[in-house]
Each structure stands twice: as C-alpha cells, then as structure tokens.
Protein chains: 2
Amino acid sequence: MSKKFVYSFSEGNSTMRELLGGKGANLAEMTSMGLPVPQGFTISTEACTKYYEDGKKISEEIITEIEEHLKKLESLSGKKFGDPKNPLLVSVRSGARASMPGMMDTILNLGLNDQVVQGFAEKTQNDRFAYDSYRRFIQMFSDVVMELNKKNFEVIIDEMKKEKGVELDTELDANDLKEMVSRFKAYYKQEKGEDFPSEPKSQLIEAVKAVFRSWDNPRAIYYRRMNDIPSSWGTAVNVQMMVFGNMGNTSGTGVAFTRNAATGENKLFGEFLMNAQGEDVVAGIRTPKSIDQLKEVMPNVYDQFVKICNTLEDHYRDMQDMEFTIEEGKLYMLQTRNGKRTPAAALKIACDLVEEGKIDKEKAVSMIEPRSLDALLHPQFDASKLKAATPIASGLAASPGAATGKAVFYAADAVRASENGEKVILIRLETSPEDIEGMDSAQGILTVRGGMTSHAAVVARGMGKCCVSGCGEIEINEEEKWFKVSGKTYKEGDYISIDGTTGNVYGEAIPTVEAEISGYFEKIMTWADELRRLKIRTNADTPRDAKQAVAFGAEGVGLCRTEHMFFEADRIKAMREMILSKTEDQRKKALNKLLPMQQKDFEEIYEALGGKPVTVRFLDPPLHEFVPTEEAEQSELAKELNITLEEVKATVASLHEFNPMMGHRGCRLAVTYPEIAVMQTTAVINAAINIIKKHSDWNLVPEIMIPLVGDIAELQYVKSIVVKTADQLIKDAGVSLKYKVGTMIEIPRAALTADEIAKDAEFFSFGTNDLTQMTFGFSRDDAGKFLESYYEKKIYEQDPFARLDQNGVGKLVEMASKLGRKTRPDLHLGICGEHGGDPSSIEFCDKVGLDYVSCSPFRVPIARLAAAQAAIKHK
Amino acid sequence: MSKKFVYSFSEGNSTMRELLGGKGANLAEMTSMGLPVPQGFTISTEACTKYYEDGKKISEEIITEIEEHLKKLESLSGKKFGDPKNPLLVSVRSGARASMPGMMDTILNLGLNDQVVQGFAEKTQNDRFAYDSYRRFIQMFSDVVMELNKKNFEVIIDEMKKEKGVELDTELDANDLKEMVSRFKAYYKQEKGEDFPSEPKSQLIEAVKAVFRSWDNPRAIYYRRMNDIPSSWGTAVNVQMMVFGNMGNTSGTGVAFTRNAATGENKLFGEFLMNAQGEDVVAGIRTPKSIDQLKEVMPNVYDQFVKICNTLEDHYRDMQDMEFTIEEGKLYMLQTRNGKRTPAAALKIACDLVEEGKIDKEKAVSMIEPRSLDALLHPQFDASKLKAATPIASGLAASPGAATGKAVFYAADAVRASENGEKVILIRLETSPEDIEGMDSAQGILTVRGGMTSHAAVVARGMGKCCVSGCGEIEINEEEKWFKVSGKTYKEGDYISIDGTTGNVYGEAIPTVEAEISGYFEKIMTWADELRRLKIRTNADTPRDAKQAVAFGAEGVGLCRTEHMFFEADRIKAMREMILSKTEDQRKKALNKLLPMQQKDFEEIYEALGGKPVTVRFLDPPLHEFVPTEEAEQSELAKELNITLEEVKATVASLHEFNPMMGHRGCRLAVTYPEIAVMQTTAVINAAINIIKKHSDWNLVPEIMIPLVGDIAELQYVKSIVVKTADQLIKDAGVSLKYKVGTMIEIPRAALTADEIAKDAEFFSFGTNDLTQMTFGFSRDDAGKFLESYYEKKIYEQDPFARLDQNGVGKLVEMASKLGRKTRPDLHLGICGEHGGDPSSIEFCDKVGLDYVSCSPFRVPIARLAAAQAAIKHK
C-alpha cells in the first residue's frame, strides 16, 4: 500500500504533531474532543518533504489524495467545491511542527471564481460580502501564491476610492467591489500574462505548493537557524472549510489566551470584533473589544467559549492561545495552541499550574524555554520608548542587554565620565587589554571591528555587559572623537543606545529598565536543581564574576582564564617585562611581580566560591596579545624597561604569527617557558593554602588545567613542573592540601588520543570553542566572510559556535569521553566552551555523560534549567 | 622468576637484535657460528629502559646479574677481574638496535688500577704497553664516563712531551707513561674532588650507566628524530674481554668491508695497522695499510680472515662491515654488521647479490633505504671541494640538492642573468607569486623568512629546485642588493652556494656534480614495481613537472594545484581583476580570460600523462595571496583596472584574515563564487574533450577534487555546479567522456563524517598537510617557534609534517577510510600530502588500504621503493 499523505481532522490527534504540524494536530485533537471545529483535512509534513525530494513537484498520488479528502469534506459539509449553487470555500494555512513566523500564513475564501461568487452572493443574500470575499481572495492569492506584491493591489483600491471620492474601503459598495475584482484580474493578467486561475482545484493545488515553497524562503530559513529547527521537518498544510465572521452583526471573530501572556495572571485575555474576518483584527482599522465584553454582546456564546477555554487548558495542561469565529451566532474554534508568553509570565504560569494541581514539577520545568530567561537577567530598553526609535546601524549581538549613554571614544574618558556619575557608551575601532577599566566603567561597548570572539565580545560577556561588536557600517575617527554613519556624524557626548541582544545601534537615548526577577523564578530554579544530574559551573576570571555566578547558582568555577588577570594596567607592565626578557632570570623577576597579584585574585575567587571547586586554566593566548602595537606605546615601554625602541619592535615582530590561533600558545608557552607554569602553580597553591588556613572546614581542592594539549607528552611535561612546585609548597607550608591536574580537550588530536591523555589527566574539560574551530577548520574571527553564503545556500543550518555540532565535534567529545573513562573510570568530565550555556548543547552533554557544564555567569540559570530538562528527557 | 637482563654472547643470536642491540646480537651470532670472538656479555636494551623508568638508576638485580656474568667470563677466560696477577680487562661498548652515531662508543682496558697495571705489566712483560693501556683507559673513562673533556688530558701530554723534548707520543717511555698516569689522576682529583675510581667493578657499573646516559644526549636525540628511531628502544651495553692488537709486531687491528662501500664493487676492502689499538687507526698518526697487504704480512691470518668474511656475508646475505684484532698471531673478530654504503653502492650490491643467488628480489628491494635515493636525483656538491668550505649561515633544508651561483636579489635580475647564461642564486626576504619566473631561472633559492611550507619551499620542491628557507641569521637589504651575516656583507654578484639537503649556506662558489643514475637503479625500481600494491601518483602543477614525474615512473597525477597556474605574470592580472570585481558579471569576464590558459595547461598535462589519471584540485588558497601588498603595485593595478587606489586598498584590506589557514579558502571560495567552479570545470572538461578527440584510444577520466570539505552539504553544493557544467559541455561536444568528482579529506570533520561525505564523493584524497595542522592545532608556518623546545624536551620525537602521526592523524585517516568504504565499497583512496613521499607514512598508507600515494616528482622513485617494501612487510 502506498503511503498516506492526507488526513481528515477526524483521523488525527495531538500526538501526531510531527506528521500534521502543530496546527493540524490541534485541529484534529479539538475535533476528537467534540469541540466545534470547521472540518477539513491536513496534508502532512511528509508530503512537503516529498515535494522537495521530487524536485519541487507535488506528485499525482498526493493530488489524488487531496481530491478524495475534498470529496469527503463536500459530503460532510453538504456543499460542493466550485459549485456556484452551494459552494464550499476553504482556507489554506501552513502549519509546521513548531510555530514559525516567516512562512506563508493564510489564504481565505479559496474556491471563488466569477461563477461561484455569483452563487455565493445569492446564497448569502449579500452581494457586497460575496464580492468583498472574492476581491480579498484574489489579492491574497496573487500575493502569497503568485508573488504579486499586495501593495500593487492597494494602489488600485486607492485609485478607486479617489475616483469614488470616499475614504474608507467600507464605503465602497457591491458594484464598486465587482469593478475592483475586474481591475484586480486585469492587473493580474497584465503582470502574469495569463488569466487569474479560475479553476478552484488548481487554485487549491497552487496554494498548497505555495505553502511548501514558503518553508524555504529566506525568512523561514533564518528563523529556523535561530531556533534550531531542522529544514528536514517540512511543513504541513491545513485545508479547512470557511466560516465567516463577517456575515453580519451576529457574526464575529477573535483571539484569546486562557491566561495573560504578558504577566501570567490566570484570567482569560483576548480581543474580538463583530462582523469581521481575521485580517480586520490585525489591520487595526477598527479597535477590537476586550474578550470580557463578549459576555454582554452574546452571553451564550461567551459562556460556551469560556467553557471551551477551560476544557482546552485542562486538556493541554498549558495556557492556550485560540482563534475563534462566530458565524451567525454559532461559535467555531479555528485554532488552539500553547500560547507564547513573556519569560516572566512563563514562570508564573508554570508555578500556578503546579499549584492548581494541573501539572507536576517536571512538566513545569520542561515548559520554560531556557534561553528566554536571559531577558530576565539583563537590563532592557523600555519597550514603549523603543518603538519610536530607529536603528542607525547594526552590528553583531555580542553580549546581551541594552545600554544607553553618551558616546566616548577612549577608555580613559569612560573612566573619567563614570567617576563624574555620567553614563557612557565606549566606542572603539576595536578594544584591547588596556581598555578593560574603561569597558568596566561604560554602560556598554560598541566596536567597529571584531567578531563574536573579539576581545570586546569576550570581555563584555564575561562582565555581563552589553556589547555590539563588528559594526562595520560605522566610520570612526578615534583621535577626533567622532563616528559617522549614513551621512550623520556623532560626536563625543552625543547620546547613543545599543542593544546587545539584537545588535542594533541607536543615535539617541532610550531609557532602560532593570528586569524584575520574581519569586517564581527562584521556585522554578529550585525544582530544576532537584531534577538535574549535570552540575553547573561558571566561566569566571575575576572575583566579581565569580560572586555574580554564585549568586546565580553556580556550583564551582569551570574555567578561570588567568590571562584576563594580566590585562589591568599595573599587571600588563609586568607581563610585558616578562615577554621582553632576554634571559630566564629576567623572566623570573618579572613573573615574581605578577605572582602576588595573581595569588590575591585566586584567594578572592576561592573566597567567593566558599570552598566550591575552582578550575584554573594556565596562560593560554599567544604573547603578542599583551604587547603594544603602536609606536608611541612601544616607545613608552622601551623607556620603562630601559631598552631601545628597536628591541621592543624586534620582539613584537618576532611574536607575529601567520595563524595565531594555531600558534605559540596554550601549554606550548609553558613548554618553552616553564617558569610561567611555576609562577602560576605557586599562585594557585599558595592562595589555596592561605584560604584553608582561614577556613579549616572548607574542602578546597584547586584544579589546575593545562590548555591546548595535543599529546600526552605535553601534559606530562607541564604536569611534572606543576607537581614538583605544588608538592614542595605544600610540604613547606606543613598543611594537607589536595589538588588536581587536568587538561582542556580542545585539539582534535587530544580527543583522538584521550585514552593516552587520561593516564595523566585527572579531569577533562572540553574547550569546544577551539575544538569547533579546529574540527571545522575555520577561524571564528574570519568565518563571517563566508558563513552568510553558507546559510543562504543551506549548507549550514546552524552556527556551530552557538550550538554544538553533534555530528562532528560531538563525535570527538563522545569519543574522548569514552576513551578517557576507559583509562580512568572516575575521570571528571566537563565542558567550558560557550556551548556550556546553550540548551541543546547541554542536552548533548547530559546524554554523553559529562559531569558538569561551565558557562558565563549570566548563563548559569539557563544552564540549570536546560540541565534539568535534559535529565527529564533522558530519564 | 625475575626478568633476565644480561646475556652471555653464547646465549644469544642475530634474531635477538631488539633485546641485545645490533652489536650484541651479531657478537652472539658469530659466537654461535664458531668464529673467534673474545667472549663477553650483553646488558639488554630492557635494562636501559628500566634504568630510565627507575629514575636513572641501575637496580640491584641488574648489578647482581652483571656480577654473575663477570664470574662466568672469568672462568671462561681463566683470568680474574681486578686480580693483579692475572687480570681480566674488558671493553665496554654501546649497541642499540640501529647503529647510532652520537652515543658513547667505546671504553677500552677497563679493569686497570694502580695494582692491576703492575701485574699486567709483569704478565705481558711490557711495562710500556701496560702503562700506555692504563693512561688511555684513564683518559677515555674520564672523558666519556666522567665528562672531563679529553682535550684537557691532551694538554698534559703536550706539556710532558715539551718537558721531554720529544714530538711523538711513542717517544715517551714506560716511566714517562707512569708519570703521565699520576698527572692524569691528579688532574682528575683536582677537577672532581675525589680520587679516580680504582675499584674495577665500580668502574664497570659507572661505564654501563654512561652508556645508558648517552642514549639520551642531544646528538643522539637529534639523530633519532632524523632517522625515525623511537626513544623507547633504549641501547644495550656490550662487555667484552680485551684482546690487544698493540702487543708487538705479531699483533694488529683493522676494519674491513666485504664489498666496496663507495662503489659496491665485489672486492674485499679495508685497512689495518700492526701493533696498534683501534683508536690509533682513527687517530691518523700512522697510515694504515690496505687489507690486501695483510696477505704478505701474515698470510695464514689473511686467509683465515677472508674465509670468515665470506662466511659472514653468506650468513647475513649482505655486505658486512667488520672489526678485527690480531693478538700475537691470533685473529679475533670484534664486530660485524651490515655495512653502510653509498646509495649507488647499495643499488649495485643488491643487484649483484641477486645475481649471485644469495638473495631474492624481495630481499634486494628491502635492502635499499628509500630516502637514500634522493641523493641520486639531485645535483650535489663535489665532496672533495665541500670539505674545505665552512657554512656562513644555516636555514631550513626546504628543498634538496645543491646549487652555486652569483647572488641576485630580484626575480627580474635572475631572469636577466639566466638569459645571459649566468648561474645565480635568488635571495629574497621571502618569495611571492611574482617571483616564480625568477625562481625558475635561478639555480637555487635562499629566503630569510618562511617555513617548510612557505611559498619558496613549496614551489621549489615542486620544481625539484634546491631551496634553503627561513635563514633568519641573514640581514637582507633587497633594495640595496646586499645581505650581511656574521659581520660580513655579500653583494649582488658575489658567489654563494646553498645546500637544500642540509640547510647550509656558503659564501663562496662550490662546484656541483650531477649524480649518476646507473642501470642498477632502474633494475631495483622494476623489481619494486612488481612487488608493490600501492599505485604511485605525483603532485604536479605544470606540464613540466608532470613530464618529470612520468619519467620517474609516476602512474598519474594525484594533485594538480590549479592556483599555481594563476601566478604567472599574464594570469595573475586576470586573477586580480577577478578578485577586484564588484559584480558577478565582472567576475565572469575576468574568469573568461583565465579559462583558455587553464584549459591549455590541462591539455598539456593530460598529454604528458598519456591518458593516465589526473586529479585536478579546484582553487584552494585564500584570495589575499593573489593581490599585491605594496602600494606601488597596488597603484599600478588600480590604473590597469581603471579604479581608484582606495578601492584596491579596500579590497586588499577586506581580504585580510586573522587566521588565513582557517579562513575563506578551499571549497568555501566556490560556495561564495560558484562562477569560479564553473570556469574550472569548463577548463578541465573541455581540455579532456580536446584530448580524447586527438587520442581516441586513451581512456581519459578527469578527476575533479573539491578541497577543504568539512560537511557533505558543501560537497553537494559544489558538485552540483560541476556536474551541471560538465554534463552540458559533454552533451554539447557530442562525445562520451566520464569524469569523477571527489574530495580532499583535510579537515578533521570530513574524516569524522566520511560515511556521509562518501555518498557524494567518488574518491577521497587525504590532504595530510592540512589535516595534520588541524588535528594538532598548530600552524606549520608558526610551529618553528616552539617545536625546537618540543624536540629538546622530548615531547615530540618526530616532525609530524615529515612523518605521518599515526596515533592521531593516522587514526582519522583510518577512520575515514573505513567509514567511507562502508558507504561506498569501491571508494578510491589516496594521499596527496607531503607524507605521500615519506617511506614510513607510505607503509602506513599500505597498511590501511589506500589505493595510491601521490608525492612530488622527485619523490616518485622513493615512493615506488617504499611501497614495495610496505607490500613485502604486509604480505
């Protein structure tokens, strides 16, 4: 038997979402619940997939099935498709598994043509209504099926209104609308070179094809990419008998939510319009009424509707978003679905549903979209004020949140302004380590150059500070303190606002609001913590970040990048002195200056963690990141170190690398300069000794992580230095202190030889940022040049830096986990790349058996929730 | 029972090489053959490994075993270690599995002290001999065991000779030597703060430890790295009863080869000295006599020796290198081993041995070191002239061979000089595409910057032209046409010589000789071809290279890098025009200029291959490699293209990448600019159509290779363009032409998802250069900065770019091969990285079942031989 591609509403139910799409499955479910649903049928997602497989053609077998279901619908409705005497009209709507904006939405009144419209007019006794329906159909069909822009039809309408001397569409009478239909059709023929399709069946097939096509339009592709929806899913198509809300004063249409989508309040919420079709509600010509008022207008219908709402919410155990139509006093349900809601509402609704006994905690935790919590953690623009603002430019959404302030162009200016209590946005061509203090003082950072891992982006994310990077549209002159975009110049002191969640830049002040974190948030987090298996750590480089993360629920530091500690003004000097040293002794002297500062940082981080584990990664970036590139600064440095400018220049030149990403960095630095590892070990261990002396009840076990290991021998060499140094310090201090040495798995070869490496590593932390770069063979900073083409041509659907590539990179992670645990069954496994804060990647980490994920402080709550959802899923 | 660490010579044989080392195994074998060998014992390589495992200590159990074997040796010899009345003296020699210069060689006369020497003198009735032996022992022992430089002892000898007013050591009498001994010992005490060790047993143990230590000295490590010897092998130690060639005129010592090591001639070849110890032969004070003359001096001994030589060669079935001593008329064999020989001699000896029926072809093919053939393929310095020359600098041995000529600093000067019949060396800071013609005109290329994959290195290797790259010691001023090194300045026109095999640079002319390729070479190659399974292809980008490779036996082109075709003067213009195009149309126009040139290249390459397969790789490098970086050139380009300098600069700037290795290159170019793939497909297919029209009997199947694929979707996208273009061209031409589309596996992710990729790839070619870079996470151009530290610290023993890393990169190759063949059992597999010319990597390729290896033209004979050896090994 051949495959079935079309299902009557009465054949399906809500579990058939994959096949029927969300809308189709819910229409079927409502049908089976005995609710008043205009009947129809759903063309399955598999038909869509087949359409693409067949080279964008609908096969004969599918067409036959559609025709069969049309016949059934005719007999069910007692009407006939294309029959002027008693015409069946249908709506055609797309409906994917997940609700997806950007796809073809709706065609109403399909089945009309010049003959049918006459019969329809007679039957409804309403010429105007019939021709209005017809002209709307022509307009919609031409627009969404035939790709004739809707606006061109609006022009015709405007012309006619002018000719008739009227202002509103509603002032046009039936004859005007007949004339309008013929003008629409003439315009159609002129543009398309053929008559408007009058055969209802071919209208239907064309509409179905248009839905299938719309699955692959650029907006839909973009939305899928943003929301992790695979293109292989396809969309279903729903063909439903028309009911009319515009048949007079006992007809109407509306939408409603069973609870308030903005606040979560448990109160029916919605709007309706009498004598109207769906698009009128959207068009905003008339102001819809609140759903409460329906009680007065049609009390019976209202009562019936409220009952249905309660039934649906109880049935779906979630807040419902419904569309309904009243045709001549009879209520029809056109759609129901779990309603979209604000993050705050989501939390309240989930908690309330548990309290009402409708769902359990697992379900409550599963209902919250983890990423939506982000909005609760950062300041946002006041939505009402944002509406009036237009972006002047757009860059990369490098670090979320919103910020507004006066433009400054130098870090020092930001510091000064901040000291004077002024709020500023720091705008730079690109930031460098010297800018750290200024970045900290600013409300937000805007850079012209640099990608998602540029200095500005990484540091800002670490700070939880809003940042827009790589805003190349801007022309900047730092020296003269101005930037120019679209012909307008903005000077120091001018107000600027930036949105790190969208990448938008505004040339004006837009007030921001701190998002409130209600008690529901904490409740959901507690439940999530009870349910999850994965521990959540944080990537924190400073005591402040560590404190923030602990406040957000972090259970340890999974990645403390020590290099960030070296960028502050007094430290970078010692760092540069170290780099410019000619002998090991000079280098040691410079390192000795860094030692007390680094040790103090560690002590403060240990304090902030209160005894929870802290993984310290040893120096990782290539040394050229620490030296100045501009001659003035180089001169200054030469003076400070009492060497010649030429020597400074020579060192800087010698640090140049063709591919710094794959250069002299990570453990390679410790191999060539073991004294750096000695200093860092001393700082880690001495800090721990001081802390355990102070807090004898803490079981502090510092974890030292050697980065960029590709071969067991590298780890062994550096580890031997660490162990020798640490053991001596512990012995000298006469204390009992355990510590661990492990490695970051971020080089493919480390994953491939993980069984070897586990011999000497007590833990692995997957550095999936670099692992993704090496496994894909592309540099994140450069990939922007071609990734757009890749998305456009559907070669990649996802940004592998945002979502762990499970087929490739994930294969290495899984392989390394298995190999590592074969050698060392108690090997502790974690992830510290940015994927550690991405829900779908966290699910993968749970599946392959990692012990923890580590993410930036502001991602900790998201990770806690995602980890709980993963645990529920894998139970 | 505990492990056995020490073996008497009578306990071993030649198959125990791994345990006893080469020297020990052969001494045991000679013993078992009944040849006259002074007896002794071998401390195994496992003892050496244990020494290192135990933290550089000899365990008690090994010391006990040594003492037991010493007792056996005493009873066998009837002498007693440390007994003044009848002393047993021994030699101590290192002996690894493979002969290894750089390790401790020999200590003679061990067992002497102040008491023993007196008894020894009485017993031998030769005071002078006894004390001469003693002072030699002190000198050797202090030098190699106690690390007191031998030279300091020579100073004492010189002082004594001055005091005595004599010129030669031999003029010192017994009393002088006694005095010398006491001065040596005094000097020893002064330096070491303790007496010279007088206890023979502790002398022995110290000597054994010194041998073990020498396994890990820097020269030994370097040699191992160069010769693929793992450090885990360890060395054995041979302790052998002394026999004395210096006991008078019926005593003597010598070395001999069963055949001529330089020419391979089948004639005993060697030297000896009467009344001498081994070191005298080396010292060169007396001129040794030819082995023939022994016939006259001691006819019986000579006959016995010749008989032994024949026995040994028959036994080992290879030319032997032997040491012998005659003690008072009695012949002793001290060593035999397969003799080192020149590459030419190796070929002749192997062929002769087959002809003599001593070995079969398999054995003959296995006897030749594949890499040694390289010397037969490139010009070399005249060895007699080279001796007198001292290098002025040293760089990377980037492309083998030797070259001499006048220094020039610009490619144009090289071309001009060459047209005038002058021979030049082109010296550049670094070369760029514009230098190609000049490089071709020069005898050799010397660059100050750049690694083993720099432009200069890659292009020179492709041309088979000598190149030394990255010679950073040199200060160069190209504009003024001079370079400076060690304070001396060399100007244009000064003679320079460079050795691309060693990296040495000479400040003078050194004559070169073309190496002769005798008929034996071809014979061995023919046998190798009969035996091997792997096909050998070549990496050739030009018709000339292709011809050269075919002459060397290549069976196809495995990698034709099309970008190299774009660097010639007229082509690079069109290329730049393409890059600077603003629209697709402009780009197509520029590409149309390139099309006929590229098509012609392909036609010529197909012609050169005579119908053998040719794999064409599509454009791979990032586009910035094609644009000029200097303003003058940029200006010129702007003028040519009639655009502004700013536009040129902007494009060049936009092409800048942080990590170009991982940037916009490979198939990523074809994704963003599909028109490039269209042009290249057209060139490949049209060229093939023209060729098959001309040679209807050729079964030409062009292979199109898409580079840098990491995901099946990339391959599918580019392949669809190729297939569409190619099929249309073939249809239009009305011919029947097959072609294949495949991919390079050079991105880890491609290897990990090879089962997916094989769905669309008809062949895989492993690009192990990039695959190694990505798998290790280091850039070959930058790795020089830390790799020396890695070798020094024994983190790496091998350069993974020279020898395929089987644990990591090899794992990916094997995984991809298996996954790929699971999807497509007839998937054609090859390798085209530089490893394709490395014998140990070729062995790996044979093992994992690749179909072919592809290497540079000058490596083809090496690969043919290595492939045969691999096949023999895996049979």
# chains A, B, ... in the order shown; residues from 1 in each chain; ligands from 1
>>> residues_around(residues="range 735-746 of chain A", least_positions_apart="2", cutoff="7 Å", atoms="only C-alpha atoms", output="ChimeraX atom specification")
/A:701-709,719,730-731,733,748,750-751,761-768,770-771
>>> write_last_selection(atoms="C-alpha atoms", output="PDB file, in the first residue's frame")
ATOM      1  CA  VAL A 701      40.732  21.171  46.052  1.00  0.00           C
ATOM      2  CA  PRO A 702      42.164  23.518  43.440  1.00  0.00           C
ATOM      3  CA  GLU A 703      42.101  22.179  39.879  1.00  0.00           C
ATOM      4  CA  ILE A 704      44.884  23.156  37.536  1.00  0.00           C
ATOM      5  CA  MET A 705      44.008  22.912  33.874  1.00  0.00           C
ATOM      6  CA  ILE A 706      46.698  22.726  31.188  1.00  0.00           C
ATOM      7  CA  PRO A 707      45.338  24.174  27.934  1.00  0.00           C
ATOM      8  CA  LEU A 708      45.801  23.150  24.308  1.00  0.00           C
ATOM      9  CA  VAL A 709      47.272  19.728  24.971  1.00  0.00           C
ATOM     10  CA  LYS A 719      52.330  18.419  34.899  1.00  0.00           C
ATOM     11  CA  ILE A 730      52.507  22.150  50.413  1.00  0.00           C
ATOM     12  CA  LYS A 731      55.354  20.425  52.216  1.00  0.00           C
ATOM     13  CA  ALA A 733      53.611  25.048  54.470  1.00  0.00           C
ATOM     14  CA  PRO A 748      41.217  17.165  17.797  1.00  0.00           C
ATOM     15  CA  ALA A 750      43.671  15.263  22.219  1.00  0.00           C
ATOM     16  CA  ALA A 751      40.222  13.800  21.671  1.00  0.00           C
ATOM     17  CA  ALA A 761      44.798  13.954  33.396  1.00  0.00           C
ATOM     18  CA  GLU A 762      42.524  13.762  36.411  1.00  0.00           C
ATOM     19  CA  PHE A 763      39.863  15.692  34.561  1.00  0.00           C
ATOM     20  CA  PHE A 764      38.962  16.758  31.041  1.00  0.00           C
ATOM     21  CA  SER A 765      37.225  19.986  30.246  1.00  0.00           C
ATOM     22  CA  PHE A 766      36.041  20.198  26.657  1.00  0.00           C
ATOM     23  CA  GLY A 767      37.044  23.536  25.200  1.00  0.00           C
ATOM     24  CA  THR A 768      34.518  23.363  22.433  1.00  0.00           C
ATOM     25  CA  ASP A 770      38.626  25.898  19.845  1.00  0.00           C
ATOM     26  CA  LEU A 771      37.626  22.300  19.250  1.00  0.00           C
TER      27      LEU A 771
END
>>> select_by_dssp(residues="range 62-172 of chain B", states="helix (DSSP H, G or I)", output="ChimeraX atom specification")
/B:62-77,114-124,127-145,150-164,169-171
>>> closest_residue(among="A:Val848, A:Ala683, A:Ser856, A:Pro622", to="chain B", atoms="only C-alpha atoms")
A:Pro622
>>> interface_residues(of="chain B", to="chain A", cutoff="8 Å", atoms="only C-alpha atoms", output="MDAnalysis selection string")
chainID B and resid 657:664 668 671:672 710 713:714 717 747:749 752:753 774:779 781:783 785:786 789:790 794:796 807:809 811
>>> residues_around(residues="Ile66 in chain A", least_positions_apart="5", cutoff="12 Å", atoms="only C-alpha atoms", output="PyMOL selection string")
chain A and resi 4-8+40-44+47+58-61+71-73+201-202+204-205+208+237-239
>>> atom_distance(atom1="CA of Gln599 in chain A", atom2="CA of Ala569 in chain A")
17.0 Å
>>> residues_around(residues="range 353-370 of chain B", least_positions_apart="3", cutoff="6 Å", atoms="only C-alpha atoms", output="list in words")
Ile349, Ala350, Leu373, Ile862, Leu865, Ala866 and Gln869 of chain B
>>> select_by_dssp(residues="range 348-592 of chain A", states="strand (DSSP E or B)", output="VMD selection string")
chain A and resid 380 to 381 391 to 394 396 to 399 402 to 408 424 to 428 444 to 447 466 to 469 475 to 477 482 to 485 488 to 491 495 to 499 504 to 506 512 to 513 535 to 539 557 to 561
>>> atom_distance(atom1="CA of Ala670 in chain A", atom2="CA of Gly55 in chain B")
23.1 Å
>>> closest_residue(among="A:Ser581, A:Ser432, A:Gln728, A:Thr447", to="Glu625 in chain A", atoms="only C-alpha atoms")
A:Ser432
>>> closest_residue(among="A:Asp755, A:Arg213, A:Ala261, A:Thr725", to="Ala344 in chain A", atoms="only C-alpha atoms")
A:Ala261
>>> atom_distance(atom1="CA of Lys79 in chain A", atom2="CA of Pro36 in chain A")
17.9 Å
>>> closest_residue(among="A:Ala456, A:Ile107, A:Val297, A:Val144", to="Ala397 in chain A", atoms="only C-alpha atoms")
A:Ala456
>>> residues_around(residues="Pro230 in chain B", least_positions_apart="3", cutoff="12 Å", atoms="only C-alpha atoms", output="PyMOL selection string")
chain B and resi 49+96-98+215-216+220-227+233-235+794-798
>>> residues_around(residues="Glu603 in chain A", least_positions_apart="4", cutoff="8 Å", atoms="only C-alpha atoms", output="PyMOL selection string")
chain A and resi 599+607+687-688+690-691
>>> residues_around(residues="range 468-480 of chain A", least_positions_apart="2", cutoff="8 Å", atoms="only C-alpha atoms", output="compact mmCIF listing (two decimals) with C-alpha atoms, in the first residue's frame")
# COMPACT_ATOMS: atom_id res chain seq x y z
CA ALA A 393 23.34 50.86 12.29
CA SER A 394 23.57 47.21 13.19
CA GLY A 395 26.47 45.02 14.31
CA LEU A 396 26.94 41.67 15.96
CA ALA A 397 24.86 40.96 19.05
CA ALA A 398 27.99 40.21 21.01
CA SER A 399 26.78 40.43 24.60
CA PHE A 409 35.99 57.12 22.33
CA TYR A 410 38.74 56.39 24.82
CA ARG A 428 36.26 51.86 19.74
CA LEU A 429 37.62 50.62 16.43
CA ILE A 445 30.66 48.76 24.36
CA LEU A 446 30.40 49.31 20.63
CA THR A 447 33.21 48.27 18.31
CA VAL A 448 33.65 48.70 14.59
CA ARG A 449 35.80 45.62 14.09
CA GLY A 450 35.91 42.14 15.59
CA GLY A 451 33.69 39.10 15.71
CA MET A 452 31.85 37.19 18.36
CA SER A 454 36.86 39.51 19.64
CA ALA A 456 35.41 43.27 23.27
CA ALA A 457 32.84 40.49 22.88
CA CYS A 466 26.05 44.84 26.82
CA TRP A 482 33.53 61.16 16.25
CA PHE A 483 31.87 58.50 14.21
CA LYS A 484 29.80 58.75 11.11
CA VAL A 485 27.03 56.57 9.80
CA ILE A 498 22.97 49.90 21.87
CA ASP A 499 21.12 46.63 22.07
CA GLY A 500 23.43 43.69 22.65
CA GLY A 503 22.97 44.18 17.56
CA ASN A 504 21.07 47.40 16.90
CA VAL A 505 22.63 50.82 17.45
>>> closest_residue(among="A:Ala236, A:Ala388, A:Val722, A:Ala758", to="Val684 in chain A", atoms="only C-alpha atoms")
A:Val722
>>> decode(residues="range 382-399 of chain B", atoms="C-alpha atoms", output="compact mmCIF listing (two decimals), in the first residue's frame")
# COMPACT_ATOMS: atom_id res chain seq x y z
CA ASP B 382 81.64 17.97 -5.18
CA ALA B 383 82.51 16.25 -1.90
CA SER B 384 86.23 16.99 -2.18
CA LYS B 385 85.56 20.70 -2.61
CA LEU B 386 82.90 20.84 0.07
CA LYS B 387 85.39 19.70 2.71
CA ALA B 388 87.25 22.96 2.53
CA ALA B 389 84.16 25.14 2.81
CA THR B 390 82.64 26.47 6.01
CA PRO B 391 78.97 27.45 6.15
CA ILE B 392 78.31 31.13 6.82
CA ALA B 393 74.73 30.50 7.90
CA SER B 394 72.15 27.81 8.14
CA GLY B 395 68.42 27.76 7.38
CA LEU B 396 65.73 25.17 6.78
CA ALA B 397 66.53 22.39 4.35
CA ALA B 398 63.48 23.24 2.32
CA SER B 399 64.17 21.51 -0.99
